[in-house]
Structures are given as C-alpha cells and as structure tokens.
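Each remark here refers to the structure printed beneath this line.
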Amino acid sequence: MSCFLFFTTAIYAGEPAESQRGAQGLLPFSLTVGNGGTSPLDCQATTAHWYSLDLGRVAAGKKISAPLWKNLASGEVIILNEYQDRMPVQRIWCGAEGQSWQTRSEVILPTGRGERPQSIALTCASLAGSVACRPD
C-alpha cells in the first residue's frame with residue numbers, strides 16, 4: 001500500500017501546477033479616488049498574500065485610478081501585478097499621507113459571488129485625524 005501511495009504521489013507531483021494569469025474570464029471595473037481636501041492622501045491595497053500594494057498618492061484636487069477585475073464565480077476582486085499574476089484583494093483603503101492605515105477610510109468592494117462589479121468613484125478628504133470618502 002505504501003508503494004502505491006508513493007507512486008501516485010510522485011505522478012501527481014510531476015504535474016505542473018496551473019497558475020492563472022491575465023484578465024481572461026474576469027470582468028473589468030475601476031476604482032477612482034479624487035482628493036477633495038487640502039492634504040495629500042495615500043491609497044493602498046492588501047492582497048490575499050498579505051502583500052501591500054501602493055495604489056498611489058493623491059494630491060489635493062487630483063485623482064488616481066486603479067484597474068480591478070472581478071471573478072464572478074468566486075467573488076474575488078483581483079489586481080494584476082506586473083507579471084499579470086492574479087492578486088486577490090483583501091481590502092483597499094485611502095488615508096492621510098504618512099498615516100494611511102491609522103486614518104484610513106476603507107473602500108467597499110463588490111465581493112459577492114455573481115455580483116456584477118460597477119466602477120467605484122469616490123471623493124475623499126482628510127478631516128480631523130481621519131479620512132472620509134463619499135461616492136461621486
């Protein structure tokens with residue numbers, strides 16, 4: 001029996017693991033954040049691999065946009081890295097530059113299975129030690 005387990009494990013281990021890359025089969029949408037205040041903002045994302053991604057600095061009166069994708073079957077929101085690897089997003093937030101986590105305003109993501117994504121447009125501003133965002 002142990003010989004059989006070794007043989008089947010060796011066959012299975014010899015098969016290449018398939019990694020999904022690119023946006024094929026995913027639905028595109030975007031996140032746009034405008035800075036309606038006078039202090040710069042910093043927007044970040046955390047992926048399922050506990051990796052932080054810098055989405056960008058938003059100067060007063062300016063906007064940034066980030067392309068996102070949605071897997072309808074799983075509900076995952078995806079960011080593609082420079083190699084087109086699919087990076088599942090756990091959360092996105094914007095906060096005051098230099099204190100983005102402490103002053104954050106989290107972006108609500110469309111994570112429901114079968115929920116078709118709509119682009120997200122927000123105007124955020126730093127107010128009294130926190131950041132507040134509102135839909136455009």
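By convention here, the chains of the structure tokens are called A, B, ... in the order presented, each chain's residues are numbered starting at 1, and ligands are numbered starting at 1 in the order presented.
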I'd like the contact shell of Leu27 of chain A - 8 Å cut-off, only C-alpha atoms, skipping same-chain residues fewer than 3 positions apart - returned as a list in words.
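Everything that qualifies: Ala23, Trp69, Lys70, Asn71, Leu72, Arg116 and Pro117 of chain A.
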Would you put the residues from that selection into a file with N, CA, C and O atoms, as a PDB file, in the first residue's frame?
```pdb
ATOM      1  N   ALA A  23      -6.332  38.695 -17.408  1.00  0.00           N
ATOM      2  CA  ALA A  23      -7.713  39.040 -17.081  1.00  0.00           C
ATOM      3  C   ALA A  23      -8.754  38.199 -17.818  1.00  0.00           C
ATOM      4  O   ALA A  23      -9.945  38.449 -17.666  1.00  0.00           O
ATOM      5  N   TRP A  69     -10.393  43.769 -11.412  1.00  0.00           N
ATOM      6  CA  TRP A  69     -11.165  42.745 -12.107  1.00  0.00           C
ATOM      7  C   TRP A  69     -11.922  41.932 -11.082  1.00  0.00           C
ATOM      8  O   TRP A  69     -11.529  41.843  -9.921  1.00  0.00           O
ATOM      9  N   LYS A  70     -12.989  41.311 -11.544  1.00  0.00           N
ATOM     10  CA  LYS A  70     -13.850  40.521 -10.655  1.00  0.00           C
ATOM     11  C   LYS A  70     -14.025  39.126 -11.229  1.00  0.00           C
ATOM     12  O   LYS A  70     -14.316  38.958 -12.413  1.00  0.00           O
ATOM     13  N   ASN A  71     -13.853  38.123 -10.385  1.00  0.00           N
ATOM     14  CA  ASN A  71     -14.156  36.741 -10.718  1.00  0.00           C
ATOM     15  C   ASN A  71     -15.574  36.487 -10.217  1.00  0.00           C
ATOM     16  O   ASN A  71     -15.790  36.410  -9.004  1.00  0.00           O
ATOM     17  N   LEU A  72     -16.527  36.400 -11.130  1.00  0.00           N
ATOM     18  CA  LEU A  72     -17.930  36.238 -10.723  1.00  0.00           C
ATOM     19  C   LEU A  72     -18.178  34.946  -9.956  1.00  0.00           C
ATOM     20  O   LEU A  72     -18.965  34.923  -9.023  1.00  0.00           O
ATOM     21  N   ARG A 116     -22.215  41.484 -10.220  1.00  0.00           N
ATOM     22  CA  ARG A 116     -21.503  42.168 -11.301  1.00  0.00           C
ATOM     23  C   ARG A 116     -20.915  43.475 -10.773  1.00  0.00           C
ATOM     24  O   ARG A 116     -21.600  44.248 -10.128  1.00  0.00           O
ATOM     25  N   PRO A 117     -19.630  43.709 -11.042  1.00  0.00           N
ATOM     26  CA  PRO A 117     -18.988  44.905 -10.486  1.00  0.00           C
ATOM     27  C   PRO A 117     -19.357  46.176 -11.239  1.00  0.00           C
ATOM     28  O   PRO A 117     -19.554  46.158 -12.451  1.00  0.00           O
TER      29      PRO A 117
END
```
Just want the 9 Å neighbourhood of Ala121 of chain A, counted on only C-alpha atoms, with same-chain residues fewer than 6 positions away dropped. Output as number ranges by chain.
A: 30-34, 65, 134-136
Output N, CA and C atoms for every residue in the selection just made, as an mmCIF file, in the first residue's frame.
```cif
data_model
loop_
_atom_site.group_PDB
_atom_site.id
_atom_site.type_symbol
_atom_site.label_atom_id
_atom_site.label_comp_id
_atom_site.auth_asym_id
_atom_site.auth_seq_id
_atom_site.Cartn_x
_atom_site.Cartn_y
_atom_site.Cartn_z
ATOM 1 N N SER A 30 -13.171 49.701 -12.354
ATOM 2 C CA SER A 30 -12.079 50.547 -11.872
ATOM 3 C C SER A 30 -12.444 51.223 -10.563
ATOM 4 N N LEU A 31 -11.407 51.648 -9.877
ATOM 5 C CA LEU A 31 -11.541 52.461 -8.674
ATOM 6 C C LEU A 31 -10.898 53.800 -8.989
ATOM 7 N N THR A 32 -11.658 54.878 -8.826
ATOM 8 C CA THR A 32 -11.133 56.229 -8.995
ATOM 9 C C THR A 32 -11.336 56.972 -7.685
ATOM 10 N N VAL A 33 -10.248 57.566 -7.189
ATOM 11 C CA VAL A 33 -10.299 58.324 -5.940
ATOM 12 C C VAL A 33 -9.831 59.741 -6.224
ATOM 13 N N GLY A 34 -10.690 60.703 -5.905
ATOM 14 C CA GLY A 34 -10.335 62.104 -6.010
ATOM 15 C C GLY A 34 -10.085 62.670 -4.625
ATOM 16 N N SER A 65 -6.599 56.454 -10.536
ATOM 17 C CA SER A 65 -7.463 55.341 -10.930
ATOM 18 C C SER A 65 -6.662 54.052 -10.893
ATOM 19 N N ARG A 134 -16.728 59.788 0.087
ATOM 20 C CA ARG A 134 -18.137 59.741 -0.321
ATOM 21 C C ARG A 134 -18.187 59.374 -1.795
ATOM 22 N N PRO A 135 -19.231 58.691 -2.212
ATOM 23 C CA PRO A 135 -19.369 58.342 -3.628
ATOM 24 C C PRO A 135 -19.566 59.600 -4.481
ATOM 25 N N ASP A 136 -19.016 59.572 -5.665
ATOM 26 C CA ASP A 136 -19.242 60.669 -6.620
ATOM 27 C C ASP A 136 -20.568 60.483 -7.316
#
```
Calculated over only C-alpha atoms, which of the candidates A:Gly56, A:Gly95, A:Pro110, A:Pro88 has the smallest distance to Ser130 of chain A?
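Nearest to Ser130 of chain A: A:Gly95.
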Compile the contact shell of segment 57-59 of chain A as a PyMOL selection string: residues with an atom at most 9 Å away, counting only C-alpha atoms, same-chain residues fewer than 2 positions apart removed.
chain A and resi 33-35+37-43+54-55+61-64+97
Based on the selection just made, write all heavy atoms of those residues as a short mmCIF file (atom, residue, chain, number, x, y, z; two decimals), in the first residue's frame.
```
data_model
loop_
_atom_site.label_atom_id
_atom_site.label_comp_id
_atom_site.auth_asym_id
_atom_site.auth_seq_id
_atom_site.Cartn_x
_atom_site.Cartn_y
_atom_site.Cartn_z
N VAL A 33 -10.25 57.57 -7.19
CA VAL A 33 -10.30 58.32 -5.94
C VAL A 33 -9.83 59.74 -6.22
O VAL A 33 -8.73 59.94 -6.73
CB VAL A 33 -9.41 57.69 -4.85
CG1 VAL A 33 -9.41 58.54 -3.58
CG2 VAL A 33 -9.86 56.27 -4.55
N GLY A 34 -10.69 60.70 -5.91
CA GLY A 34 -10.34 62.10 -6.01
C GLY A 34 -10.09 62.67 -4.63
O GLY A 34 -10.71 62.25 -3.65
N ASN A 35 -9.16 63.62 -4.54
CA ASN A 35 -8.86 64.26 -3.26
C ASN A 35 -9.59 65.59 -3.21
O ASN A 35 -9.22 66.54 -3.88
CB ASN A 35 -7.36 64.46 -3.10
CG ASN A 35 -6.97 64.99 -1.74
OD1 ASN A 35 -7.80 65.50 -1.01
ND2 ASN A 35 -5.69 64.89 -1.42
N GLY A 37 -9.82 67.39 -0.47
CA GLY A 37 -9.29 68.16 0.64
C GLY A 37 -8.06 68.94 0.25
O GLY A 37 -7.77 69.14 -0.93
N THR A 38 -7.31 69.36 1.25
CA THR A 38 -6.11 70.17 1.01
C THR A 38 -4.81 69.43 1.31
O THR A 38 -3.73 69.92 0.98
CB THR A 38 -6.15 71.47 1.87
OG1 THR A 38 -6.26 71.10 3.24
CG2 THR A 38 -7.33 72.34 1.46
N SER A 39 -4.91 68.26 1.94
CA SER A 39 -3.73 67.45 2.28
C SER A 39 -3.65 66.23 1.38
O SER A 39 -4.67 65.65 1.03
CB SER A 39 -3.80 66.98 3.73
OG SER A 39 -3.93 68.07 4.61
N PRO A 40 -2.43 65.79 1.05
CA PRO A 40 -2.29 64.61 0.19
C PRO A 40 -2.81 63.34 0.86
O PRO A 40 -2.72 63.19 2.08
CB PRO A 40 -0.79 64.50 -0.07
CG PRO A 40 -0.13 65.58 0.67
CD PRO A 40 -1.15 66.37 1.40
N LEU A 41 -3.32 62.44 0.05
CA LEU A 41 -3.80 61.14 0.51
C LEU A 41 -2.93 60.04 -0.08
O LEU A 41 -2.26 60.24 -1.10
CB LEU A 41 -5.25 60.92 0.06
CG LEU A 41 -6.28 61.93 0.53
CD1 LEU A 41 -7.63 61.64 -0.11
CD2 LEU A 41 -6.38 61.92 2.05
N ASP A 42 -2.98 58.88 0.54
CA ASP A 42 -2.24 57.71 0.08
C ASP A 42 -3.22 56.55 0.06
O ASP A 42 -3.89 56.28 1.06
CB ASP A 42 -1.10 57.43 1.06
CG ASP A 42 -0.22 56.28 0.65
OD1 ASP A 42 -0.11 56.01 -0.56
OD2 ASP A 42 0.34 55.63 1.55
N CYS A 43 -3.32 55.86 -1.09
CA CYS A 43 -4.24 54.73 -1.22
C CYS A 43 -3.43 53.44 -1.35
O CYS A 43 -2.43 53.38 -2.08
CB CYS A 43 -5.16 54.91 -2.42
SG CYS A 43 -6.25 56.34 -2.26
N ASP A 54 0.92 49.71 -3.26
CA ASP A 54 0.72 51.15 -3.25
C ASP A 54 -0.09 51.51 -4.50
O ASP A 54 0.40 51.35 -5.61
CB ASP A 54 2.07 51.85 -3.26
CG ASP A 54 1.96 53.35 -3.17
OD1 ASP A 54 0.90 53.84 -2.73
OD2 ASP A 54 2.93 54.03 -3.54
N LEU A 55 -1.32 51.96 -4.30
CA LEU A 55 -2.14 52.36 -5.44
C LEU A 55 -1.82 53.78 -5.89
O LEU A 55 -2.08 54.13 -7.03
CB LEU A 55 -3.62 52.23 -5.10
CG LEU A 55 -4.10 50.82 -4.76
CD1 LEU A 55 -5.58 50.83 -4.43
CD2 LEU A 55 -3.80 49.86 -5.89
N GLY A 61 -6.92 68.09 -4.98
CA GLY A 61 -7.53 68.44 -6.26
C GLY A 61 -7.25 67.47 -7.40
O GLY A 61 -7.70 67.68 -8.52
N LYS A 62 -6.52 66.39 -7.14
CA LYS A 62 -6.16 65.40 -8.17
C LYS A 62 -6.91 64.10 -7.95
O LYS A 62 -7.58 63.90 -6.95
CB LYS A 62 -4.65 65.14 -8.16
CG LYS A 62 -3.81 66.36 -8.40
CD LYS A 62 -3.98 66.85 -9.82
CE LYS A 62 -3.07 68.05 -10.07
NZ LYS A 62 -3.24 68.62 -11.36
N LYS A 63 -6.77 63.18 -8.94
CA LYS A 63 -7.41 61.86 -8.88
C LYS A 63 -6.41 60.79 -9.27
O LYS A 63 -5.44 61.06 -9.98
CB LYS A 63 -8.57 61.77 -9.89
CG LYS A 63 -9.74 62.64 -9.57
CD LYS A 63 -10.85 62.43 -10.59
CE LYS A 63 -12.04 63.32 -10.24
NZ LYS A 63 -13.17 63.08 -11.14
N ILE A 64 -6.67 59.58 -8.78
CA ILE A 64 -5.95 58.41 -9.26
C ILE A 64 -7.00 57.37 -9.66
O ILE A 64 -8.13 57.39 -9.17
CB ILE A 64 -4.99 57.80 -8.21
CG1 ILE A 64 -5.75 57.32 -6.97
CG2 ILE A 64 -3.87 58.77 -7.85
CD1 ILE A 64 -4.94 56.39 -6.08
N GLU A 97 -1.58 60.94 3.89
CA GLU A 97 -0.22 60.54 3.53
C GLU A 97 0.65 60.47 4.78
O GLU A 97 0.61 61.35 5.63
CB GLU A 97 0.37 61.54 2.54
CG GLU A 97 1.73 61.14 2.03
CD GLU A 97 2.27 62.10 1.01
OE1 GLU A 97 2.24 63.32 1.26
OE2 GLU A 97 2.73 61.62 -0.04
#
```
Of the candidates A:Cys94, A:Leu68, A:Met87, A:Cys133, which one gets nearest to Leu109 of chain A if we count only C-alpha atoms?
A:Leu68
